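Dumped input_17.pdb below, it's PDB, C-alpha atoms and all ligand atoms:
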ATOM      1  CA  MET F  48       8.261 -13.577  26.660
ATOM      2  CA  SER F  49       6.187 -11.159  24.623
ATOM      3  CA  GLN F  50       7.110  -7.489  24.130
ATOM      4  CA  ILE F  51       4.978  -4.391  23.811
ATOM      5  CA  ARG F  52       6.829  -2.312  21.214
ATOM      6  CA  TYR F  53       6.286   1.332  20.374
ATOM      7  CA  ASP F  54       5.804   2.055  16.688
ATOM      8  CA  LEU F  55       7.372   5.493  16.200
ATOM      9  CA  PHE F  56       6.158   5.696  12.601
ATOM     10  CA  HIS F  57       2.438   5.302  13.357
ATOM     11  CA  ASP F  58       2.618   6.441  17.009
ATOM     12  CA  ARG F  59       0.999   3.275  18.336
ATOM     13  CA  TYR F  60       1.841   0.083  20.225
ATOM     14  CA  VAL F  61       2.141  -3.461  18.939
ATOM     15  CA  ILE F  62       2.398  -6.704  20.926
ATOM     16  CA  ILE F  63       5.077  -9.034  19.572
ATOM     17  CA  ALA F  64       4.140 -12.447  20.958
ATOM     18  CA  PRO F  65       6.144 -15.259  19.301
ATOM     19  CA  ASN F  66       4.753 -17.848  21.761
ATOM     20  CA  ARG F  67       1.374 -17.439  20.079
ATOM     21  CA  ALA F  68       2.756 -18.676  16.749
ATOM     22  CA  GLN F  69       2.498 -22.286  17.879
ATOM     23  CA  ARG F  70      -1.217 -22.033  18.683
ATOM     24  CA  ALA F  71      -2.242 -22.774  15.145
ATOM     25  CA  GLY F  72      -0.658 -22.724  11.738
ATOM     26  CA  PHE F  73      -0.866 -19.688   9.501
ATOM     27  CA  LEU F  74      -3.877 -19.121   7.282
ATOM     28  CA  LYS F  75      -3.505 -20.748   3.888
ATOM     29  CA  PRO F  76      -4.791 -18.948   0.800
ATOM     30  CA  GLN F  77      -8.290 -20.029  -0.212
ATOM     31  CA  LYS F  78      -9.325 -20.232  -3.816
ATOM     32  CA  LEU F  79     -11.466 -17.266  -4.832
ATOM     33  CA  VAL F  80     -14.615 -18.051  -6.771
ATOM     34  CA  GLU F  81     -13.592 -17.900 -10.418
ATOM     35  CA  PRO F  82     -15.809 -15.624 -12.475
ATOM     36  CA  GLU F  83     -17.388 -17.243 -15.497
ATOM     37  CA  LYS F  84     -15.787 -14.552 -17.611
ATOM     38  CA  CYS F  85     -13.107 -12.442 -15.944
ATOM     39  CA  PRO F  86     -13.732  -8.745 -16.691
ATOM     40  CA  PHE F  87     -10.018  -8.022 -16.185
ATOM     41  CA  CYS F  88      -8.691 -10.567 -18.706
ATOM     42  CA  GLU F  89      -7.376  -9.505 -22.098
ATOM     43  CA  GLY F  90     -10.141  -9.795 -24.698
ATOM     44  CA  ASN F  91     -12.890  -8.944 -22.160
ATOM     45  CA  GLU F  92     -12.377  -5.176 -22.251
ATOM     46  CA  LYS F  93     -16.094  -4.680 -23.021
ATOM     47  CA  LEU F  94     -16.966  -6.016 -19.547
ATOM     48  CA  THR F  95     -15.448  -2.988 -17.786
ATOM     49  CA  PRO F  96     -16.394   0.674 -18.011
ATOM     50  CA  PRO F  97     -14.283   2.522 -20.646
ATOM     51  CA  GLU F  98     -10.644   2.860 -19.597
ATOM     52  CA  ILE F  99      -9.203   5.998 -18.020
ATOM     53  CA  PHE F 100      -5.601   5.102 -18.799
ATOM     54  CA  ALA F 101      -3.599   2.209 -20.231
ATOM     55  CA  LEU F 102      -0.068   1.245 -21.122
ATOM     56  CA  ARG F 103      -0.249  -0.473 -24.469
ATOM     57  CA  ASP F 104       1.856  -1.216 -27.523
ATOM     58  CA  GLY F 105       0.085   0.325 -30.467
ATOM     59  CA  SER F 106      -3.484  -0.972 -30.025
ATOM     60  CA  GLY F 107      -6.498   1.328 -29.572
ATOM     61  CA  ALA F 108      -8.306   2.210 -26.334
ATOM     62  CA  ASN F 109     -10.458  -0.577 -24.851
ATOM     63  CA  GLU F 110      -8.919  -3.134 -27.194
ATOM     64  CA  PRO F 111      -6.563  -6.037 -26.390
ATOM     65  CA  GLY F 112      -2.812  -5.402 -26.515
ATOM     66  CA  TRP F 113      -2.398  -3.552 -23.201
ATOM     67  CA  ARG F 114       0.116  -4.076 -20.427
ATOM     68  CA  THR F 115      -1.872  -2.276 -17.691
ATOM     69  CA  ARG F 116      -5.379  -0.778 -17.754
ATOM     70  CA  VAL F 117      -7.154   1.637 -15.427
ATOM     71  CA  VAL F 118     -10.953   1.676 -15.293
ATOM     72  CA  PRO F 119     -13.544   3.189 -12.923
ATOM     73  CA  ASN F 120     -14.577   0.663 -10.276
ATOM     74  CA  LEU F 121     -17.877  -0.897 -11.346
ATOM     75  CA  PHE F 122     -18.904  -1.105  -7.680
ATOM     76  CA  LYS F 123     -17.868   2.365  -6.604
ATOM     77  CA  ALA F 124     -17.575   3.238  -2.926
ATOM     78  CA  VAL F 125     -17.508   6.903  -3.936
ATOM     79  CA  GLU F 126     -18.065   8.711  -7.237
ATOM     80  CA  ILE F 127     -16.536  11.730  -8.844
ATOM     81  CA  GLU F 128     -19.938  12.905 -10.145
ATOM     82  CA  ALA F 129     -21.336  13.372  -6.609
ATOM     83  CA  SER F 130     -21.620  16.797  -5.011
ATOM     84  CA  LEU F 131     -19.396  18.049  -2.210
ATOM     85  CA  THR F 132     -22.140  19.650  -0.128
ATOM     86  CA  GLN F 133     -22.335  18.719   3.516
ATOM     87  CA  GLU F 134     -25.575  18.328   5.399
ATOM     88  CA  ARG F 135     -26.386  18.271   9.049
ATOM     89  CA  ARG F 136     -29.356  17.530  11.261
ATOM     90  CA  GLY F 137     -28.576  17.867  14.939
ATOM     91  CA  SER F 138     -25.528  15.717  15.630
ATOM     92  CA  PHE F 139     -25.932  13.765  12.407
ATOM     93  CA  GLU F 140     -23.645  14.923   9.599
ATOM     94  CA  TRP F 141     -23.359  13.515   6.118
ATOM     95  CA  GLN F 142     -22.450  14.323   2.557
ATOM     96  CA  ASP F 143     -22.815  12.690  -0.829
ATOM     97  CA  GLY F 144     -20.266   9.967  -1.502
ATOM     98  CA  PHE F 145     -17.888  12.150  -3.499
ATOM     99  CA  GLY F 146     -14.502  10.782  -4.470
ATOM    100  CA  ALA F 147     -12.575   8.742  -7.024
ATOM    101  CA  HIS F 148     -12.607   4.938  -7.094
ATOM    102  CA  GLU F 149     -10.462   3.362  -9.793
ATOM    103  CA  VAL F 150      -9.158  -0.122 -10.521
ATOM    104  CA  ILE F 151      -5.769  -0.746 -12.048
ATOM    105  CA  ILE F 152      -5.674  -4.076 -13.865
ATOM    106  CA  ASP F 153      -2.046  -4.840 -13.080
ATOM    107  CA  MET F 154      -1.341  -7.148 -16.009
ATOM    108  CA  PRO F 155      -3.165  -9.182 -18.706
ATOM    109  CA  ASP F 156      -2.343 -12.586 -17.114
ATOM    110  CA  HIS F 157      -5.168 -13.867 -14.952
ATOM    111  CA  GLU F 158      -3.360 -15.750 -12.250
ATOM    112  CA  THR F 159       0.242 -14.768 -11.747
ATOM    113  CA  GLY F 160       1.612 -14.276  -8.234
ATOM    114  CA  VAL F 161       3.648 -11.101  -7.862
ATOM    115  CA  GLU F 162       6.781 -13.233  -7.427
ATOM    116  CA  ARG F 163       6.348 -14.471 -10.987
ATOM    117  CA  TRP F 164       5.673 -11.074 -12.574
ATOM    118  CA  PRO F 165       8.431 -10.173 -15.014
ATOM    119  CA  ALA F 166      10.421  -7.099 -13.913
ATOM    120  CA  ARG F 167       8.842  -5.197 -16.807
ATOM    121  CA  ALA F 168       5.346  -5.919 -15.417
ATOM    122  CA  LEU F 169       6.260  -4.565 -11.980
ATOM    123  CA  SER F 170       7.779  -1.475 -13.504
ATOM    124  CA  ASP F 171       4.689  -0.948 -15.739
ATOM    125  CA  TRP F 172       2.452  -1.367 -12.698
ATOM    126  CA  LEU F 173       4.432   1.210 -10.695
ATOM    127  CA  ALA F 174       4.421   3.624 -13.661
ATOM    128  CA  THR F 175       0.638   3.240 -13.898
ATOM    129  CA  VAL F 176       0.108   3.900 -10.181
ATOM    130  CA  GLN F 177       2.395   6.928 -10.473
ATOM    131  CA  GLU F 178       0.514   8.244 -13.518
ATOM    132  CA  ARG F 179      -2.841   7.991 -11.712
ATOM    133  CA  VAL F 180      -1.506   9.651  -8.544
ATOM    134  CA  ILE F 181      -0.147  12.531 -10.661
ATOM    135  CA  ASP F 182      -3.465  12.902 -12.480
ATOM    136  CA  LEU F 183      -5.690  12.690  -9.379
ATOM    137  CA  HIS F 184      -3.432  15.184  -7.634
ATOM    138  CA  ARG F 185      -4.646  17.744 -10.214
ATOM    139  CA  ASP F 186      -8.218  17.516  -8.887
ATOM    140  CA  PHE F 187      -8.161  20.040  -6.042
ATOM    141  CA  ARG F 188     -11.268  18.453  -4.471
ATOM    142  CA  LEU F 189      -9.376  15.247  -3.697
ATOM    143  CA  VAL F 190      -7.440  15.676  -0.469
ATOM    144  CA  TRP F 191      -6.293  12.167   0.314
ATOM    145  CA  LEU F 192      -5.484   9.044  -1.700
ATOM    146  CA  SER F 193      -5.487   5.408  -0.678
ATOM    147  CA  VAL F 194      -3.685   3.123  -3.129
ATOM    148  CA  PHE F 195      -3.841  -0.545  -2.181
ATOM    149  CA  LYS F 196      -3.799  -4.125  -3.372
ATOM    150  CA  ASN F 197      -5.947  -6.817  -1.810
ATOM    151  CA  HIS F 198      -4.608 -10.221  -2.768
ATOM    152  CA  GLY F 199      -6.581 -13.295  -1.724
ATOM    153  CA  VAL F 200      -9.667 -14.058   0.367
ATOM    154  CA  HIS F 201      -7.991 -13.234   3.710
ATOM    155  CA  ALA F 202      -7.044  -9.806   2.358
ATOM    156  CA  GLY F 203     -10.605  -9.008   1.285
ATOM    157  CA  ALA F 204     -10.134  -9.549  -2.453
ATOM    158  CA  THR F 205     -13.122 -10.545  -4.553
ATOM    159  CA  GLN F 206     -11.343 -10.799  -7.928
ATOM    160  CA  PRO F 207      -8.535 -13.317  -8.509
ATOM    161  CA  HIS F 208      -7.066 -11.301 -11.410
ATOM    162  CA  PRO F 209      -4.147  -9.104 -10.157
ATOM    163  CA  HIS F 210      -5.477  -5.606  -9.580
ATOM    164  CA  THR F 211      -4.902  -2.491  -7.499
ATOM    165  CA  GLN F 212      -7.458   0.018  -6.251
ATOM    166  CA  ILE F 213      -7.286   3.760  -5.764
ATOM    167  CA  ILE F 214      -9.761   5.622  -3.583
ATOM    168  CA  GLY F 215      -9.516   9.407  -3.455
ATOM    169  CA  LEU F 216     -11.462  11.268  -0.770
ATOM    170  CA  PRO F 217     -12.307  14.908  -0.076
ATOM    171  CA  MET F 218     -11.008  14.593   3.500
ATOM    172  CA  ILE F 219      -8.211  12.982   5.484
ATOM    173  CA  PRO F 220      -9.550   9.934   7.385
ATOM    174  CA  LYS F 221      -9.861  10.666  11.112
ATOM    175  CA  ARG F 222      -7.411   7.930  12.071
ATOM    176  CA  GLU F 223      -4.752   9.198   9.669
ATOM    177  CA  LEU F 224      -4.768  12.757  10.934
ATOM    178  CA  PRO F 225      -3.107  12.189  14.349
ATOM    179  CA  MET F 226      -0.485   9.984  12.637
ATOM    180  CA  LEU F 227       0.319  12.761  10.162
ATOM    181  CA  ALA F 228       0.343  15.361  12.955
ATOM    182  CA  HIS F 229       2.758  13.105  14.868
ATOM    183  CA  GLN F 230       5.079  12.938  11.844
ATOM    184  CA  VAL F 231       4.966  16.715  11.400
ATOM    185  CA  THR F 232       5.634  17.301  15.132
ATOM    186  CA  TYR F 233       8.537  14.877  14.971
ATOM    187  CA  PHE F 234       9.937  16.733  11.969
ATOM    188  CA  ARG F 235       9.577  20.126  13.680
ATOM    189  CA  GLU F 236      11.351  18.830  16.805
ATOM    190  CA  HIS F 237      14.088  16.760  15.176
ATOM    191  CA  GLY F 238      14.540  18.425  11.774
ATOM    192  CA  ARG F 239      14.186  15.100   9.955
ATOM    193  CA  PRO F 240      11.315  12.806   8.978
ATOM    194  CA  VAL F 241      10.388   9.869  11.228
ATOM    195  CA  ALA F 242      10.812   7.583   8.212
ATOM    196  CA  GLU F 243      14.445   8.640   7.775
ATOM    197  CA  THR F 244      15.271   8.228  11.464
ATOM    198  CA  LEU F 245      13.804   4.730  11.438
ATOM    199  CA  ARG F 246      15.522   3.829   8.170
ATOM    200  CA  GLU F 247      18.917   5.017   9.440
ATOM    201  CA  GLU F 248      18.607   3.162  12.747
ATOM    202  CA  GLU F 249      17.431   0.004  10.998
ATOM    203  CA  LEU F 250      20.353   0.244   8.537
ATOM    204  CA  HIS F 251      22.751   0.810  11.414
ATOM    205  CA  SER F 252      21.518  -2.224  13.358
ATOM    206  CA  GLY F 253      21.069  -4.374  10.232
ATOM    207  CA  GLU F 254      19.067  -6.932  12.199
ATOM    208  CA  ARG F 255      15.795  -6.295  10.402
ATOM    209  CA  ILE F 256      17.144  -5.361   6.944
ATOM    210  CA  VAL F 257      15.855  -7.769   4.337
ATOM    211  CA  LEU F 258      17.023  -6.407   0.971
ATOM    212  CA  LYS F 259      18.652  -3.241  -0.294
ATOM    213  CA  ASN F 260      19.661  -1.785  -3.646
ATOM    214  CA  GLU F 261      20.984   1.621  -4.697
ATOM    215  CA  HIS F 262      17.623   3.401  -4.219
ATOM    216  CA  PHE F 263      15.405   1.402  -1.822
ATOM    217  CA  VAL F 264      15.591  -0.802   1.236
ATOM    218  CA  ALA F 265      13.109  -3.437   2.479
ATOM    219  CA  ILE F 266      12.845  -3.683   6.259
ATOM    220  CA  ALA F 267      10.854  -5.888   8.651
ATOM    221  CA  PRO F 268       9.957  -2.927  10.914
ATOM    222  CA  PHE F 269      10.791  -3.065  14.653
ATOM    223  CA  ALA F 270       7.108  -2.741  15.602
ATOM    224  CA  SER F 271       5.552  -4.748  12.739
ATOM    225  CA  ALA F 272       1.810  -5.107  13.233
ATOM    226  CA  MET F 273       1.573  -8.171  10.974
ATOM    227  CA  PRO F 274       3.749 -11.290  10.733
ATOM    228  CA  PHE F 275       6.333 -10.874   7.960
ATOM    229  CA  GLU F 276       5.287  -7.247   7.419
ATOM    230  CA  MET F 277       7.663  -5.524   4.987
ATOM    231  CA  TRP F 278       8.291  -1.806   4.692
ATOM    232  CA  ILE F 279       9.980  -0.515   1.529
ATOM    233  CA  THR F 280      11.404   2.954   1.928
ATOM    234  CA  PRO F 281      13.598   5.108  -0.342
ATOM    235  CA  LEU F 282      17.223   5.891   0.493
ATOM    236  CA  ALA F 283      16.920   9.393  -1.017
ATOM    237  CA  PRO F 284      14.569  12.013   0.467
ATOM    238  CA  LEU F 285      11.634  11.082  -1.782
ATOM    239  CA  ALA F 286       8.512  12.672  -0.270
ATOM    240  CA  THR F 287       6.018  11.445  -2.811
ATOM    241  CA  MET F 288       5.894   8.981  -5.676
ATOM    242  CA  ILE F 289       4.895  11.899  -7.922
ATOM    243  CA  THR F 290       8.560  12.902  -8.245
ATOM    244  CA  MET F 291       9.987   9.361  -8.434
ATOM    245  CA  ASN F 292      12.193   9.144 -11.557
ATOM    246  CA  SER F 293      12.413   6.179 -13.918
ATOM    247  CA  GLU F 294      15.719   4.953 -12.466
ATOM    248  CA  GLU F 295      14.182   4.870  -8.969
ATOM    249  CA  ARG F 296      11.089   3.142 -10.350
ATOM    250  CA  GLU F 297      13.170   0.423 -12.011
ATOM    251  CA  ALA F 298      15.120  -0.065  -8.776
ATOM    252  CA  LEU F 299      11.868  -0.358  -6.807
ATOM    253  CA  ALA F 300      10.496  -2.918  -9.296
ATOM    254  CA  GLU F 301      13.708  -4.942  -9.030
ATOM    255  CA  LEU F 302      13.651  -4.879  -5.224
ATOM    256  CA  MET F 303       9.985  -5.882  -5.074
ATOM    257  CA  GLN F 304      10.517  -8.782  -7.448
ATOM    258  CA  LYS F 305      13.365 -10.155  -5.335
ATOM    259  CA  LEU F 306      11.439  -9.553  -2.114
ATOM    260  CA  TYR F 307       8.299 -11.390  -3.268
ATOM    261  CA  ALA F 308      10.357 -14.309  -4.582
ATOM    262  CA  ARG F 309      11.957 -14.644  -1.147
ATOM    263  CA  MET F 310       8.675 -14.226   0.718
ATOM    264  CA  VAL F 311       7.003 -16.952  -1.349
ATOM    265  CA  ALA F 312      10.031 -19.215  -0.871
ATOM    266  CA  VAL F 313       9.499 -18.928   2.917
ATOM    267  CA  LEU F 314       5.725 -18.598   3.248
ATOM    268  CA  GLY F 315       4.439 -20.340   0.120
ATOM    269  CA  PRO F 316       1.745 -18.427  -1.768
ATOM    270  CA  PHE F 317       0.226 -15.997   0.754
ATOM    271  CA  ASP F 318      -2.624 -13.500   0.935
ATOM    272  CA  PHE F 319      -1.624  -9.907   1.527
ATOM    273  CA  ASN F 320      -2.595  -6.271   1.503
ATOM    274  CA  LEU F 321      -0.163  -3.838  -0.023
ATOM    275  CA  THR F 322      -0.464  -0.113   0.668
ATOM    276  CA  PHE F 323       1.302   2.922  -0.704
ATOM    277  CA  GLU F 324       2.280   5.640   1.748
ATOM    278  CA  ILE F 325       1.182   8.848   0.077
ATOM    279  CA  ALA F 326       1.113  12.240   1.829
ATOM    280  CA  PRO F 327      -2.147  14.235   1.522
ATOM    281  CA  LEU F 328      -2.511  15.853  -1.907
ATOM    282  CA  GLN F 329      -4.173  19.126  -0.903
ATOM    283  CA  LYS F 330      -4.842  20.880   2.328
ATOM    284  CA  ASP F 331      -8.269  20.891   3.905
ATOM    285  CA  GLY F 332      -9.670  22.511   7.043
ATOM    286  CA  THR F 333      -8.083  19.950   9.342
ATOM    287  CA  SER F 334      -4.646  19.686   7.730
ATOM    288  CA  ALA F 335      -4.091  23.338   6.709
ATOM    289  CA  SER F 336      -1.861  24.180   9.687
ATOM    290  CA  MET F 337       0.667  21.462   8.843
ATOM    291  CA  PHE F 338       0.219  20.992   5.112
ATOM    292  CA  GLY F 339       3.366  22.934   4.229
ATOM    293  CA  ASP F 340       5.444  20.509   6.303
ATOM    294  CA  PHE F 341       4.219  17.304   4.672
ATOM    295  CA  ALA F 342       6.817  17.441   1.880
ATOM    296  CA  GLN F 343       9.593  17.527   4.481
ATOM    297  CA  ALA F 344       7.985  15.356   7.173
ATOM    298  CA  CYS F 345       6.539  12.528   5.053
ATOM    299  CA  ARG F 346       8.289   9.990   2.881
ATOM    300  CA  PHE F 347       7.012   7.726   0.139
ATOM    301  CA  GLY F 348       6.848   4.075   1.106
ATOM    302  CA  ILE F 349       5.198   0.735   0.399
ATOM    303  CA  ARG F 350       3.984  -1.671   3.034
ATOM    304  CA  ILE F 351       3.335  -5.360   2.372
ATOM    305  CA  LEU F 352       1.047  -6.795   5.040
ATOM    306  CA  PRO F 353       0.757 -10.600   4.794
ATOM    307  CA  ARG F 354      -2.685 -11.745   5.976
ATOM    308  CA  ILE F 355      -1.646 -15.075   7.432
ATOM    309  CA  THR F 356      -3.203 -14.456  10.854
ATOM    310  CA  GLY F 357      -6.717 -13.232  11.588
ATOM    311  CA  ILE F 358      -7.749  -9.911  13.103
ATOM    312  CA  GLY F 359      -9.976 -10.355  16.136
ATOM    313  CA  GLY F 360     -11.894  -8.432  18.760
ATOM    314  CA  PHE F 361      -8.762  -7.275  20.574
ATOM    315  CA  GLU F 362      -7.366  -5.600  17.456
ATOM    316  CA  LEU F 363     -10.731  -3.997  16.668
ATOM    317  CA  SER F 364     -11.318  -2.742  20.211
ATOM    318  CA  SER F 365      -7.786  -1.571  21.023
ATOM    319  CA  GLY F 366      -6.314  -0.680  17.653
ATOM    320  CA  MET F 367      -3.289  -2.709  18.845
ATOM    321  CA  HIS F 368      -2.143  -5.714  16.878
ATOM    322  CA  ILE F 369      -0.728  -8.946  18.272
ATOM    323  CA  ASN F 370       2.011 -10.148  15.955
ATOM    324  CA  PRO F 371       3.146 -13.745  16.575
ATOM    325  CA  VAL F 372       6.350 -13.443  14.483
ATOM    326  CA  ALA F 373       9.206 -11.293  15.784
ATOM    327  CA  PRO F 374      10.360  -8.987  12.948
ATOM    328  CA  GLU F 375      13.967 -10.108  13.587
ATOM    329  CA  THR F 376      12.893 -13.688  12.805
ATOM    330  CA  ALA F 377      10.916 -12.563   9.758
ATOM    331  CA  ALA F 378      13.889 -10.567   8.416
ATOM    332  CA  ARG F 379      16.346 -13.414   8.955
ATOM    333  CA  LYS F 380      14.101 -15.986   7.259
ATOM    334  CA  ILE F 381      13.279 -13.833   4.222
ATOM    335  CA  ARG F 382      16.866 -12.604   3.864
ATOM    336  CA  ASN F 383      18.225 -16.164   3.922
ATOM    337  CA  ALA F 384      15.444 -17.693   1.809
ATOM    338  CA  LYS F 385      16.578 -20.540  -0.426
ATOM    339  CA  LEU F 386      15.514 -19.651  -3.945
TER     340      LEU F 386
HETATM  341 ZN    ZN A   1      -8.664 -12.440 -15.483
END
Step by step, read the file and then write its structure as structure tokens.
Ligand SMILES: [Zn+2]
Amino acid sequence: MSQIRYDLFHDRYVIIAPNRAQRAGFLKPQKLVEPEKCPFCEGNEKLTPPEIFALRDGSGANEPGWRTRVVPNLFKAVEIEASLTQERRGSFEWQDGFGAHEVIIDMPDHETGVERWPARALSDWLATVQERVIDLHRDFRLVWLSVFKNHGVHAGATQPHPHTQIIGLPMIPKRELPMLAHQVTYFREHGRPVAETLREEELHSGERIVLKNEHFVAIAPFASAMPFEMWITPLAPLATMITMNSEEREALAELMQKLYARMVAVLGPFDFNLTFEIAPLQKDGTSASMFGDFAQACRFGIRILPRITGIGGFELSSGMHINPVAPETAARKIRNAKL
């Protein structure tokens, strides 16, 4: 029988319906159209706008010899040069598309699944994300950051080369605000963050724990919206990745490498979205009343959302997901993966 589970983290419901898994197999990755000349490959640095940041060993800016590169997105959704003025005519409100839109080129190799990234590459990638979050945090106009990876056609990727995107906005998205308010209310009532309550109860039960090291734990959350969804959360009270130290970063890289290897061993190569949980950077008109609590109420985290089932009209109309794989099953399979 299916179950409607309450997701305390996001304050929403999810339908766990394992009997739907048999309806059809999971979506297999489709080959992305290969660009004639990949703008993200080493040697093609001229094909991107000049870099904002890079980790490299000795070579000059915009030259080969880098380990990660950050460039402005060539097809920007928002731009930092735009104005912040709002306009209004009757009920219609708009403003120029102000914001930051950057691409992190995760590594020089064109086609390497995360499970095959060397530990050094994962740690470089995390250090690069951290560096950009720290830098964008300095721009007081940017209130909210979305840091995400789209991997594969089913995840909305258009480039096969491993990359990560950062979009910084001058407001908190409407859907995020009630979720943040819920986390702050929970903190005010219980004196601890939702993320820590969930982590402790998951650790206590053990049923959905997938991997753990001295700093992080990977969990298949009780109310997973996606099949084989993984939530990586710190064991220490780490509110933001801005303050993550190098030892924690290495531990996170190590955990992610092991996790992806296990996921690929079970699922085969799979499309996924990966998102970073980052508390708002600055207060704005809508978050001012709770901004001071974010550091205590929110926790840094990473979510891996495999895109092996489609999203249909029900999900779009209700905001509720139907997940055909019970998280207990997902955790057991990934934990016991034969490598
Ligand atoms: Zn490439």
* To do: Point out the residue among F:Phe275, F:Tyr60, F:Phe263, F:Phe323 with the least atom-to-atom distance to Tyr307 (chain F), counting all atoms listed in the file.
  => F:Phe275
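The shell of residues at most 10 Å from Val311 (chain F), with only C-alpha atoms counted and near chain neighbours (fewer than 4 positions) removed, consists of Gly160, Val161, Glu162, Arg163, Leu306, Tyr307, Gly315, Pro316, Phe317, Ile381, Ala384 and Leu386 of chain F.
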* **Spatial neighbours of region 191-198 of chain F, 8 Å, all atoms listed in the file, chain gap at least 2 places, as a VMD selection string** => chain F and resid 180 189 200 to 204 207 209 to 219 318 to 323 325 to 329
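Residues with at least one atom no more than 12 Å from (4.2, -0.3, 17.7), using all atoms listed in the file, are Gln50, Ile51, Arg52, Tyr53, Asp54, Leu55, Phe56, His57, Asp58, Arg59, Tyr60, Val61, Ile62, Ile63, Pro268, Phe269, Ala270, Ser271, Ala272, Met273, Gly366, Met367, His368, Ile369, Asn370 and Pro374 of chain F.
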* Protein and nucleic acid residues within 9 Å of ligand ZN 1 (chain A) (all atoms listed in the file) as a ChimeraX atom specification -> /F:81-82,84-89,91,155-158,206-209
* Structure fact -> Lys305 (chain F) proximity check over F:Asn260, F:Ser334, F:Thr244, F:Gln343, using all atoms listed in the file: winner is F:Asn260
